[in-house]
Amino acid sequence: MPGKELASVALIAAAVLAGPRAPAVQGQEQGLGRAARVSRVAAVAPADLRAWDAQIDSMSRERTLDRRRDRADRMVPGRRHTRFVQAVNGVPVYGGDVARQTDARGVTLSVFATVYDGIGIHTEPTLSPEHARAIVEGLSGMPLGGSRLPRLVILPRGGEGYALTYQARVATPGDITMYFIDAHTGAVVHQRSDAHTQAAVGLGTGVLGDRKKVQASRQGGLFVQIDRMRPPAIETLDMRGNLFRTLNILNGAITPAASDFAADTDNDWTDGAAVDAHTYAGYTYDYFFKRFGRRGLDNADIPIRNLTHPVDRANAGHVPEFVLGLFYLNAFYAGSGVMVYGEGLPQDVVTLPERQRWNYMSGALDVVAHELTHGITDYSSGLLYENEPGALNESFSDIMGTAVEFFFQPPGDALLQADYLIAEDVVTPGGLRSMADPAAFGHPDHYSRRYTGTADNGGIHGNAGIPNQAYFLAVEGGTNRTSGLVVQGVGRGNREQIERVFYRAFTLLMPANADFVTGRAATIQAARDLFGPGSAPERAVTQAWTAVGVN
Amino acid sequence: MTKQIARLIPLLLVAWGVPLAGQAPPPRISVAVHGGYQPTTSRFEDSFTFARYQETGSTRVEYPMGGAFLFDAGAGVRLWRRLGAGLVVSRVGRASTASTRSFIPHPLYLDTPRQVDGEAGAVQRAETGIHFHVRYEPASRGPLRIVISGGPSVLRVRQTLVTEARVREEYPYDTAEFGGVNTQEVEGRANGFNVGADLGWMFTRHLGLGGTLRLTRAVIALDADQRRIPVEAGGAHIGVGLRLTF
């Protein structure tokens with residue numbers, strides 16, 4: 001969501017910060033060499049299920065899966081749920097398990113699993129459990145009872161492979177800590193807080209002074225912005241202007257600490273930037289779930305993490321231009337479900353020549369939805385971020401950002417109302433782009449006017465005006481100013497039809513290197529798929545692309 | 001039904017009292033035990049609010065009250081000529097199904113309550129009445145006896161009240177399912193009145209069978225969770241049973 005020229009710099013930096021793109025195979029994360037390799041499985045198709053049934057049988061015979069639980073379904077009569085734990089020589093693999101659902105006839109209906117492979121370690125510990133317990137007691141300062149012997153587990157360690165460890169949970173006056181002690185050396189391999197948080201709905205005031213509910217969690221004596229009401233964890237961090245720490249978190253050099261989470265003492269939140277980043281991320285998840293049945297960015301409920309206050313607003317006048325462009329006048333999707341929302345500018349500062357004020361970027365619902373949609377694109381079509389595919393990528397984010405706005409806000413021109421402007425709630429007056437009239441911002445509204453230079457990755461933000469205009473015309477109808485062609489839109493009351501068409505085309509049909517012509521074909525095909533040949537949505541989409549010069 | 005019975009009582013007075021005046025005095029002591037029915041049908045409502053997800057939710061409960069079985073026992077003593085005094089203890093118990101309608105705040109959005117309707121079975125209600133009365137017993141005509149009575153009553157109600165309508169909900173929380181209720185037992189008492197008529201057929205000098213009609217009523221305030229619910233108690237009592245006279 002860059003702003004004007006500064007945004008070009010921002011985008012380049014953002015691409016660098018985001019690191020490598022998400023893996024092409026959805027649901028799999030693979031390391032190199034001796035790294036722990038994990039497959040996350042969500043199998044519901046018959047062919048996949050047959051394969052997984054065979055896999056489970058095979059692993060059970062090899063005793064690398066232990067059946068731990070088999071329970072009748074209390075919600076759906078006749079169903080059963082069996083849970084298997086991955087193990088090597090009887091030693092469980094921490095986090096490796098399989099959940100299989102079967103019907104009354106024993107036919108498998110779903111398999112959800114996290115399975116590790118390449119576990120080539122010996123499972124005979126050097127240390128005894130008693131020795132490990134003594135180590136944990138020394139670390140925590142707390143005696144452990146005779147029944148609390150540490151448990152031997154294989155701990156996947158990402159790029160560092162696997163470790164045979166003793167796992168022990170210790171309660172101390174300040175926390176509940178989970179220790180993983182190397183079963184050979186006694187060193188601490190990993191430790192984390194295991195104090196479970198409790199969902200607590202709070203209230204908050206957004207950037208624009210509006211009140212809304214905040215899905216928080218109670219952690220110790222504080223409320224933190226961890227949403228446990230929705231299927232994925234939605235977490236919002238307050239980086240307190242610490243750019244160095246922000247970069248380290250984005251680069252994976254450090255893991256966010258408990259103190260990084262946006263926190264409040266009374267659950268009545270006043271930090272508008274954090275409130276809006278958190279709640280609008282939730283709204284966006286809700287929109288995709290309710291409209292399309294999509295479960296988050298990767299359709300498998302990958303956690304969503306918002307980073308707010310990456311820099312100090314008061315320092316805006318003293319930072320290099322690229323920092324200003326990236327962390328003040330911008331918001332970006334940094335990959336792997338992480339969003340960063342720019343700090344805006346002090347209220348008495350405007351950018352020239354538009355004389356626009358910049359508020360906290362998370363304060364606009366369409367901005368937040370725009371960035372999250374980049375995540376969806378990343379996990380679906382993977383549209384390349386340059387030239388026409390890049391413009392389609394940006395356009396899809398604008399389209400979905402606007403769709404989310406219309407889903408949650410009443411239509412209108414005022415703040416907190418839905419319209420076809422982008423970021424108009426936080427970049428005032430006017431916002432950054434217009435789908436109804438791209439030319440008002442100097443962006444092309446017709447293919448003949450497209451930008452063909454190299455700036456902004458081939459003009460991806462500006463050229464997004466062309467598909468944006470097509471979307472607008474398909475919904476609202478009207479005349480393209482350049483071609484003069486009239487489009488019969490489906491009408492505001494049928495907005496959902498065009499939203500579904502574009503969603504289907506952009507997440508299911510479109511290849512990564514799609515150009516505008518492919519975009520046209522994919523959306524028309526999506527309209528036919530959903531509403532049939534000759535339907536009003538198909539006619540509207542076809543006319544709209546023709547009107548913007550994409551044939 | 002209650003009104004019809006009330007209208008009957010003066011008619012009985014006229015029909016029996018006037019022609020039989022001047023005959024032998026009635027027995028000194030009489031005892032009666034009845035089983036019967038309280039045919040009253042009525043309802044009362046309760047509503048309360050609660051805090052949920054940073055908003056205020058509400059629940060309205062309707063308690064229908066159908067007819068119920070009655071047991072009573074009493075005794076009377078003749079004090080002067082055909083006038084006397086008596087005391088009857090009655091007990092009515094019933095279980096009914098209350099209906100609830102709740103508006104549960106949404107956990108994700110402000111001002112988006114979800115309507116949840118449900119029914120709470122086995123809502124118990126017991127009414128115990130102590131009815132003091134002045135009796136007038138016209139002269140008996142053979143084995144047939146009648147007693148007309150009226151006086152103050154003390155009515156006590158023990159009632160199951162719904163204190164919370166539970167819901168089941170899951171993401172996206174736009175709807176919620178009724179998941180049962182939490183209840184509490186409350187008690188209240190109030191003074192009211194009773195009027196009635198008693199018919200008996202004596203097989204022997206001391207033993208007989210009879211029927212009773214009684215109208216009793218009181219308005220009782222039930223206190224629950226800082227709210228007061230006015231409840232009508234009593235109604236028409238119709239019973240048949242044994243008569244003992246001495």
# chains A, B, ... in the order shown; residues from 1 in each chain; ligands from 1
$ select_by_dssp --residues "segment 283-403 of chain A" --states "strand (DSSP E)" --output "list of chain:residue names"
A:Ile304, A:Arg305, A:Asn306, A:Leu307, A:Thr308, A:Ala331, A:Phe332, A:Tyr333, A:Val338, A:Met339, A:Val340, A:Tyr341, A:Arg357, A:Trp358
$ write_last_selection --atoms "N, CA, C and O atoms" --output "tab-separated table (two decimals), in the first residue's frame"
chain	number	residue	atom	x	y	z
A	304	ILE	N	-1.94	-14.86	11.63
A	304	ILE	CA	-1.79	-13.53	11.05
A	304	ILE	C	-1.13	-12.66	12.11
A	304	ILE	O	-1.55	-12.65	13.27
A	305	ARG	N	-0.09	-11.98	11.72
A	305	ARG	CA	0.64	-11.14	12.68
A	305	ARG	C	0.75	-9.72	12.13
A	305	ARG	O	1.24	-9.52	11.01
A	306	ASN	N	0.29	-8.76	12.91
A	306	ASN	CA	0.37	-7.34	12.53
A	306	ASN	C	1.48	-6.67	13.33
A	306	ASN	O	1.55	-6.85	14.55
A	307	LEU	N	2.30	-5.92	12.66
A	307	LEU	CA	3.31	-5.12	13.35
A	307	LEU	C	2.91	-3.66	13.26
A	307	LEU	O	2.78	-3.12	12.15
A	308	THR	N	2.71	-3.04	14.39
A	308	THR	CA	2.35	-1.62	14.41
A	308	THR	C	3.48	-0.84	15.07
A	308	THR	O	4.32	-1.39	15.77
A	331	ALA	N	2.13	0.58	4.03
A	331	ALA	CA	1.83	-0.66	4.76
A	331	ALA	C	2.23	-1.77	3.82
A	331	ALA	O	2.14	-1.61	2.60
A	332	PHE	N	2.69	-2.87	4.34
A	332	PHE	CA	3.08	-3.93	3.41
A	332	PHE	C	2.92	-5.30	4.03
A	332	PHE	O	2.95	-5.48	5.25
A	333	TYR	N	2.72	-6.23	3.11
A	333	TYR	CA	2.68	-7.64	3.49
A	333	TYR	C	4.09	-8.17	3.41
A	333	TYR	O	4.73	-8.09	2.36
A	338	VAL	N	2.63	-12.01	7.81
A	338	VAL	CA	3.04	-10.84	8.60
A	338	VAL	C	2.76	-9.56	7.84
A	338	VAL	O	3.12	-9.43	6.66
A	339	MET	N	2.09	-8.63	8.50
A	339	MET	CA	1.82	-7.32	7.92
A	339	MET	C	2.51	-6.23	8.74
A	339	MET	O	2.61	-6.37	9.97
A	340	VAL	N	2.96	-5.20	8.07
A	340	VAL	CA	3.55	-4.06	8.77
A	340	VAL	C	2.77	-2.81	8.38
A	340	VAL	O	2.51	-2.58	7.19
A	341	TYR	N	2.37	-2.05	9.36
A	341	TYR	CA	1.56	-0.85	9.11
A	341	TYR	C	2.36	0.39	9.47
A	341	TYR	O	2.86	0.54	10.60
A	357	ARG	N	-2.50	14.62	4.46
A	357	ARG	CA	-2.07	14.18	5.79
A	357	ARG	C	-2.08	12.65	5.81
A	357	ARG	O	-2.93	12.03	5.18
A	358	TRP	N	-1.16	12.11	6.58
A	358	TRP	CA	-1.05	10.65	6.66
A	358	TRP	C	-1.24	10.20	8.09
A	358	TRP	O	-0.44	10.51	8.96
$ closest_atom_pairs --of "chain B" --to "chain A" --cutoff "10 Å" --atoms "only C-alpha atoms" --output "tab-separated table"
residue	atom	partner	partner_atom	distance
B:Arg52	CA	A:Val201	CA	8.9
B:Tyr53	CA	A:Val201	CA	5.5
B:Gln54	CA	A:Gly202	CA	6.4
B:Glu55	CA	A:Leu203	CA	9.6
B:His106	CA	A:Lys213	CA	9.3
B:Pro107	CA	A:Val201	CA	6.7
B:Leu108	CA	A:Lys213	CA	6.0
B:Tyr109	CA	A:Lys213	CA	5.8
B:Leu110	CA	A:Lys212	CA	6.2
B:Asp111	CA	A:Lys212	CA	9.6
B:Glu170	CA	A:Met229	CA	8.6
B:Tyr171	CA	A:Arg230	CA	6.2
B:Pro172	CA	A:Asp286	CA	7.2
B:Tyr173	CA	A:Met229	CA	9.3
$ residues_around --residues "Arg214 of chain B" --least-positions-apart "5" --cutoff "9 Å" --atoms "only C-alpha atoms" --output "PDB file with C-alpha atoms, in the first residue's frame"
ATOM      1  CA  THR B   2     -62.356 -18.826  38.889  1.00  0.00           C
ATOM      2  CA  ILE B   5     -66.947 -20.452  40.865  1.00  0.00           C
ATOM      3  CA  ALA B   6     -67.039 -17.117  42.643  1.00  0.00           C
ATOM      4  CA  SER B 149     -66.557 -19.931  54.284  1.00  0.00           C
ATOM      5  CA  GLY B 150     -64.353 -16.978  53.672  1.00  0.00           C
ATOM      6  CA  ASN B 194     -60.194 -17.201  50.316  1.00  0.00           C
ATOM      7  CA  VAL B 195     -63.891 -17.814  49.824  1.00  0.00           C
ATOM      8  CA  GLY B 196     -65.433 -21.181  49.324  1.00  0.00           C
ATOM      9  CA  ALA B 197     -68.211 -23.661  49.662  1.00  0.00           C
ATOM     10  CA  ASP B 198     -68.117 -27.224  50.864  1.00  0.00           C
ATOM     11  CA  GLY B 235     -56.853 -19.655  41.927  1.00  0.00           C
ATOM     12  CA  ALA B 236     -59.785 -21.980  42.029  1.00  0.00           C
ATOM     13  CA  HIS B 237     -59.417 -25.132  44.100  1.00  0.00           C
ATOM     14  CA  ILE B 238     -61.705 -28.033  43.307  1.00  0.00           C
ATOM     15  CA  GLY B 239     -61.378 -31.103  45.455  1.00  0.00           C
TER      16      GLY B 239
END
$ atom_distance --atom1 "atom CA of Val147 of chain B" --atom2 "atom CA of Phe71 of chain B"
18.8 Å
$ closest_residue --among "B:Gly208, B:Gly66, B:Gly129, B:Gly35" --to "Val89 of chain B" --atoms "only C-alpha atoms"
B:Gly129
$ closest_residue --among "A:Phe506, A:Tyr451, A:Phe292, A:Tyr287" --to "Phe407 of chain A" --atoms "only C-alpha atoms"
A:Tyr287
$ residues_around --residues "Ala514 of chain A" --least-positions-apart "3" --cutoff "6 Å" --atoms "only C-alpha atoms" --output "PDB file with C-alpha atoms, in the first residue's frame"
ATOM      1  CA  PRO A 389       0.899  -9.690 -13.276  1.00  0.00           C
ATOM      2  CA  PRO A 511      -1.467 -18.415 -13.287  1.00  0.00           C
ATOM      3  CA  THR A 518      -5.446 -13.631 -19.094  1.00  0.00           C
TER       4      THR A 518
END
$ residues_around --residues "segment 537-540 of chain A" --least-positions-apart "5" --cutoff "7 Å" --atoms "only C-alpha atoms" --output "list in words"
Ala474, Val487, Gln488, Gly489, Val490, Gln497, Ile498, Ile524, Ala527 and Arg528 of chain A
$ write_last_selection --atoms "C-alpha atoms" --output "short mmCIF file (atom, residue, chain, number, x, y, z; two decimals), in the first residue's frame"
data_model
loop_
_atom_site.label_atom_id
_atom_site.label_comp_id
_atom_site.auth_asym_id
_atom_site.auth_seq_id
_atom_site.Cartn_x
_atom_site.Cartn_y
_atom_site.Cartn_z
CA ALA A 474 -18.76 -4.55 -13.78
CA VAL A 487 -21.02 -1.10 -19.37
CA GLN A 488 -24.17 -2.53 -17.93
CA GLY A 489 -23.07 -3.46 -14.43
CA VAL A 490 -24.77 -5.99 -12.21
CA GLN A 497 -21.59 -11.65 -7.79
CA ILE A 498 -18.63 -9.71 -9.14
CA ILE A 524 -15.11 -14.36 -17.75
CA ALA A 527 -18.46 -15.78 -14.28
CA ARG A 528 -19.51 -18.67 -16.52
#
$ residues_around --residues "segment 174-188 of chain B" --least-positions-apart "2" --cutoff "9 Å" --atoms "only C-alpha atoms" --output "number ranges by chain"
B: 104, 106, 112-120, 123-124, 155-172, 190, 220-224
$ residues_around --residues "segment 371-385 of chain A" --least-positions-apart "6" --cutoff "6 Å" --atoms "only C-alpha atoms" --output "list of chain:residue names"
A:Leu297, A:Asp298, A:Phe332, A:Tyr333, A:Asn393, A:Ser397, A:Thr507, A:Met510, A:Pro511, A:Ala512, A:Asn513
$ write_last_selection --atoms "all heavy atoms" --output "mmCIF file, in the first residue's frame"
data_model
loop_
_atom_site.group_PDB
_atom_site.id
_atom_site.type_symbol
_atom_site.label_atom_id
_atom_site.label_comp_id
_atom_site.auth_asym_id
_atom_site.auth_seq_id
_atom_site.Cartn_x
_atom_site.Cartn_y
_atom_site.Cartn_z
ATOM 1 N N LEU A 297 -5.255 -16.669 4.990
ATOM 2 C CA LEU A 297 -4.380 -16.370 3.863
ATOM 3 C C LEU A 297 -4.057 -17.626 3.065
ATOM 4 O O LEU A 297 -4.113 -17.632 1.841
ATOM 5 C CB LEU A 297 -3.082 -15.724 4.364
ATOM 6 C CG LEU A 297 -3.231 -14.489 5.262
ATOM 7 C CD1 LEU A 297 -1.873 -13.843 5.500
ATOM 8 C CD2 LEU A 297 -4.202 -13.486 4.655
ATOM 9 N N ASP A 298 -3.697 -18.688 3.748
ATOM 10 C CA ASP A 298 -3.298 -19.913 3.040
ATOM 11 C C ASP A 298 -4.443 -20.908 2.965
ATOM 12 O O ASP A 298 -4.234 -22.055 2.563
ATOM 13 C CB ASP A 298 -2.091 -20.552 3.736
ATOM 14 C CG ASP A 298 -2.408 -20.985 5.155
ATOM 15 O OD1 ASP A 298 -3.470 -20.587 5.668
ATOM 16 O OD2 ASP A 298 -1.593 -21.705 5.748
ATOM 17 N N PHE A 332 2.688 -2.869 4.339
ATOM 18 C CA PHE A 332 3.080 -3.927 3.413
ATOM 19 C C PHE A 332 2.919 -5.300 4.033
ATOM 20 O O PHE A 332 2.947 -5.475 5.253
ATOM 21 C CB PHE A 332 4.514 -3.730 2.897
ATOM 22 C CG PHE A 332 5.583 -3.706 3.944
ATOM 23 C CD1 PHE A 332 6.232 -4.865 4.330
ATOM 24 C CD2 PHE A 332 5.969 -2.509 4.525
ATOM 25 C CE1 PHE A 332 7.238 -4.845 5.280
ATOM 26 C CE2 PHE A 332 6.969 -2.472 5.488
ATOM 27 C CZ PHE A 332 7.610 -3.638 5.864
ATOM 28 N N TYR A 333 2.716 -6.229 3.114
ATOM 29 C CA TYR A 333 2.676 -7.642 3.493
ATOM 30 C C TYR A 333 4.091 -8.173 3.406
ATOM 31 O O TYR A 333 4.733 -8.094 2.360
ATOM 32 C CB TYR A 333 1.762 -8.419 2.537
ATOM 33 C CG TYR A 333 1.758 -9.903 2.793
ATOM 34 C CD1 TYR A 333 1.229 -10.424 3.969
ATOM 35 C CD2 TYR A 333 2.286 -10.793 1.866
ATOM 36 C CE1 TYR A 333 1.229 -11.788 4.213
ATOM 37 C CE2 TYR A 333 2.286 -12.169 2.102
ATOM 38 C CZ TYR A 333 1.764 -12.657 3.269
ATOM 39 O OH TYR A 333 1.765 -14.004 3.512
ATOM 40 N N ASN A 393 -1.977 -8.228 -9.416
ATOM 41 C CA ASN A 393 -1.789 -8.510 -7.993
ATOM 42 C C ASN A 393 -2.273 -7.326 -7.159
ATOM 43 O O ASN A 393 -3.065 -7.481 -6.229
ATOM 44 C CB ASN A 393 -0.290 -8.770 -7.761
ATOM 45 C CG ASN A 393 0.015 -9.289 -6.365
ATOM 46 O OD1 ASN A 393 -0.617 -8.871 -5.410
ATOM 47 N ND2 ASN A 393 0.998 -10.163 -6.252
ATOM 48 N N SER A 397 -5.807 -6.822 -4.729
ATOM 49 C CA SER A 397 -5.801 -6.317 -3.352
ATOM 50 C C SER A 397 -6.713 -5.098 -3.213
ATOM 51 O O SER A 397 -7.415 -4.948 -2.209
ATOM 52 C CB SER A 397 -4.374 -5.967 -2.918
ATOM 53 O OG SER A 397 -3.665 -7.138 -2.557
ATOM 54 N N THR A 507 -7.884 -16.453 -7.408
ATOM 55 C CA THR A 507 -7.312 -17.424 -6.469
ATOM 56 C C THR A 507 -7.249 -18.835 -7.045
ATOM 57 O O THR A 507 -6.459 -19.643 -6.587
ATOM 58 C CB THR A 507 -8.121 -17.485 -5.157
ATOM 59 O OG1 THR A 507 -9.479 -17.831 -5.460
ATOM 60 C CG2 THR A 507 -8.072 -16.157 -4.429
ATOM 61 N N MET A 510 -6.141 -18.215 -12.161
ATOM 62 C CA MET A 510 -5.091 -17.412 -12.785
ATOM 63 C C MET A 510 -3.695 -17.953 -12.510
ATOM 64 O O MET A 510 -3.394 -18.314 -11.380
ATOM 65 C CB MET A 510 -5.198 -15.978 -12.263
ATOM 66 C CG MET A 510 -4.903 -14.938 -13.303
ATOM 67 S SD MET A 510 -5.229 -13.310 -12.643
ATOM 68 C CE MET A 510 -6.971 -13.168 -12.939
ATOM 69 N N PRO A 511 -2.856 -18.006 -13.517
ATOM 70 C CA PRO A 511 -1.467 -18.415 -13.287
ATOM 71 C C PRO A 511 -0.641 -17.237 -12.763
ATOM 72 O O PRO A 511 -1.082 -16.088 -12.807
ATOM 73 C CB PRO A 511 -0.995 -18.821 -14.681
ATOM 74 C CG PRO A 511 -1.798 -17.977 -15.595
ATOM 75 C CD PRO A 511 -3.129 -17.768 -14.934
ATOM 76 N N ALA A 512 0.555 -17.547 -12.303
ATOM 77 C CA ALA A 512 1.369 -16.529 -11.651
ATOM 78 C C ALA A 512 1.801 -15.414 -12.595
ATOM 79 O O ALA A 512 1.997 -14.271 -12.189
ATOM 80 C CB ALA A 512 2.599 -17.173 -11.030
ATOM 81 N N ASN A 513 1.939 -15.745 -13.862
ATOM 82 C CA ASN A 513 2.462 -14.754 -14.800
ATOM 83 C C ASN A 513 1.351 -14.208 -15.695
ATOM 84 O O ASN A 513 1.577 -13.843 -16.848
ATOM 85 C CB ASN A 513 3.556 -15.397 -15.659
ATOM 86 C CG ASN A 513 4.521 -14.359 -16.204
ATOM 87 O OD1 ASN A 513 4.492 -13.195 -15.794
ATOM 88 N ND2 ASN A 513 5.367 -14.776 -17.134
#
$ closest_residue --among "B:Arg227, B:Arg60, B:His133, B:Arg243" --to "Thr212 of chain B" --atoms "only C-alpha atoms"
B:Arg243
$ select_by_dssp --residues "segment 29-171 of chain A" --states "alpha helix (DSSP H)" --output "ChimeraX atom specification"
/A:46-61,129-140
$ write_last_selection --atoms "N, CA, C and O atoms" --output "CSV table (one decimal), in the first residue's frame"
chain,number,residue,atom,x,y,z
A,46,PRO,N,-11.2,-37.6,-2.1
A,46,PRO,CA,-11.1,-39.0,-2.0
A,46,PRO,C,-9.8,-39.6,-2.3
A,46,PRO,O,-9.3,-40.5,-1.6
A,47,ALA,N,-9.1,-39.1,-3.4
A,47,ALA,CA,-7.8,-39.7,-3.8
A,47,ALA,C,-6.8,-39.4,-2.7
A,47,ALA,O,-6.0,-40.3,-2.3
A,48,ASP,N,-6.8,-38.2,-2.2
A,48,ASP,CA,-5.8,-37.9,-1.1
A,48,ASP,C,-6.1,-38.8,0.1
A,48,ASP,O,-5.2,-39.2,0.8
A,49,LEU,N,-7.4,-39.0,0.4
A,49,LEU,CA,-7.7,-39.7,1.6
A,49,LEU,C,-7.3,-41.2,1.5
A,49,LEU,O,-6.8,-41.8,2.4
A,50,ARG,N,-7.5,-41.7,0.3
A,50,ARG,CA,-7.1,-43.1,0.1
A,50,ARG,C,-5.5,-43.2,0.3
A,50,ARG,O,-5.1,-44.2,0.9
A,51,ALA,N,-4.8,-42.3,-0.2
A,51,ALA,CA,-3.4,-42.3,-0.1
A,51,ALA,C,-3.0,-42.2,1.4
A,51,ALA,O,-2.1,-42.8,1.9
A,52,TRP,N,-3.7,-41.3,2.1
A,52,TRP,CA,-3.4,-41.1,3.5
A,52,TRP,C,-3.8,-42.3,4.4
A,52,TRP,O,-3.1,-42.6,5.4
A,53,ASP,N,-4.9,-43.0,4.0
A,53,ASP,CA,-5.2,-44.2,4.7
A,53,ASP,C,-4.1,-45.2,4.6
A,53,ASP,O,-3.7,-45.8,5.6
A,54,ALA,N,-3.6,-45.3,3.4
A,54,ALA,CA,-2.5,-46.3,3.2
A,54,ALA,C,-1.2,-45.8,4.0
A,54,ALA,O,-0.5,-46.7,4.6
A,55,GLN,N,-1.0,-44.6,4.0
A,55,GLN,CA,0.2,-44.0,4.7
A,55,GLN,C,0.0,-44.3,6.2
A,55,GLN,O,1.0,-44.7,6.8
A,56,ILE,N,-1.1,-44.0,6.7
A,56,ILE,CA,-1.3,-44.3,8.1
A,56,ILE,C,-1.2,-45.7,8.5
A,56,ILE,O,-0.5,-46.1,9.5
A,57,ASP,N,-1.7,-46.6,7.6
A,57,ASP,CA,-1.6,-48.0,7.9
A,57,ASP,C,-0.1,-48.4,7.9
A,57,ASP,O,0.4,-49.2,8.7
A,58,SER,N,0.6,-47.9,6.9
A,58,SER,CA,2.0,-48.2,6.7
A,58,SER,C,2.8,-47.7,8.0
A,58,SER,O,3.6,-48.4,8.5
A,59,MET,N,2.6,-46.5,8.3
A,59,MET,CA,3.3,-45.9,9.5
A,59,MET,C,2.9,-46.6,10.8
A,59,MET,O,3.8,-46.7,11.7
A,60,SER,N,1.7,-47.0,10.9
A,60,SER,CA,1.3,-47.7,12.1
A,60,SER,C,2.0,-49.1,12.2
A,60,SER,O,2.5,-49.5,13.3
A,61,ARG,N,2.1,-49.8,11.0
A,61,ARG,CA,2.8,-51.1,11.0
A,61,ARG,C,4.3,-50.8,11.4
A,61,ARG,O,4.9,-51.6,12.1
A,129,PRO,N,16.1,-39.7,33.1
A,129,PRO,CA,15.0,-38.7,33.4
A,129,PRO,C,15.3,-38.0,34.7
A,129,PRO,O,15.0,-36.8,34.9
A,130,GLU,N,15.8,-38.7,35.7
A,130,GLU,CA,16.1,-38.1,37.0
A,130,GLU,C,17.2,-37.0,36.9
A,130,GLU,O,17.1,-35.9,37.5
A,131,HIS,N,18.1,-37.3,36.0
A,131,HIS,CA,19.2,-36.3,35.8
A,131,HIS,C,18.6,-35.0,35.1
A,131,HIS,O,18.9,-33.9,35.5
A,132,ALA,N,17.7,-35.3,34.1
A,132,ALA,CA,17.1,-34.2,33.5
A,132,ALA,C,16.2,-33.4,34.4
A,132,ALA,O,16.2,-32.1,34.4
A,133,ARG,N,15.6,-34.1,35.3
A,133,ARG,CA,14.7,-33.3,36.3
A,133,ARG,C,15.6,-32.4,37.2
A,133,ARG,O,15.2,-31.3,37.5
A,134,ALA,N,16.7,-33.0,37.6
A,134,ALA,CA,17.6,-32.1,38.4
A,134,ALA,C,18.1,-30.9,37.7
A,134,ALA,O,18.2,-29.8,38.2
A,135,ILE,N,18.3,-31.0,36.4
A,135,ILE,CA,18.7,-29.9,35.6
A,135,ILE,C,17.6,-28.9,35.5
A,135,ILE,O,17.8,-27.6,35.7
A,136,VAL,N,16.4,-29.3,35.3
A,136,VAL,CA,15.2,-28.4,35.2
A,136,VAL,C,15.0,-27.7,36.6
A,136,VAL,O,14.7,-26.5,36.7
A,137,GLU,N,15.2,-28.5,37.6
A,137,GLU,CA,15.1,-27.9,39.0
A,137,GLU,C,16.1,-26.8,39.2
A,137,GLU,O,15.8,-25.7,39.7
A,138,GLY,N,17.3,-27.0,38.7
A,138,GLY,CA,18.3,-26.0,38.8
A,138,GLY,C,18.0,-24.8,38.0
A,138,GLY,O,18.2,-23.6,38.4
A,139,LEU,N,17.4,-25.0,36.8
A,139,LEU,CA,17.1,-23.8,36.0
A,139,LEU,C,16.0,-23.0,36.5
A,139,LEU,O,16.0,-21.8,36.5
A,140,SER,N,15.0,-23.7,37.0
A,140,SER,CA,13.8,-23.0,37.4
A,140,SER,C,13.8,-22.5,38.9
A,140,SER,O,13.0,-21.7,39.3
$ atom_distance --atom1 "atom CA of Leu243 of chain A" --atom2 "atom CA of Glu424 of chain A"
26.2 Å
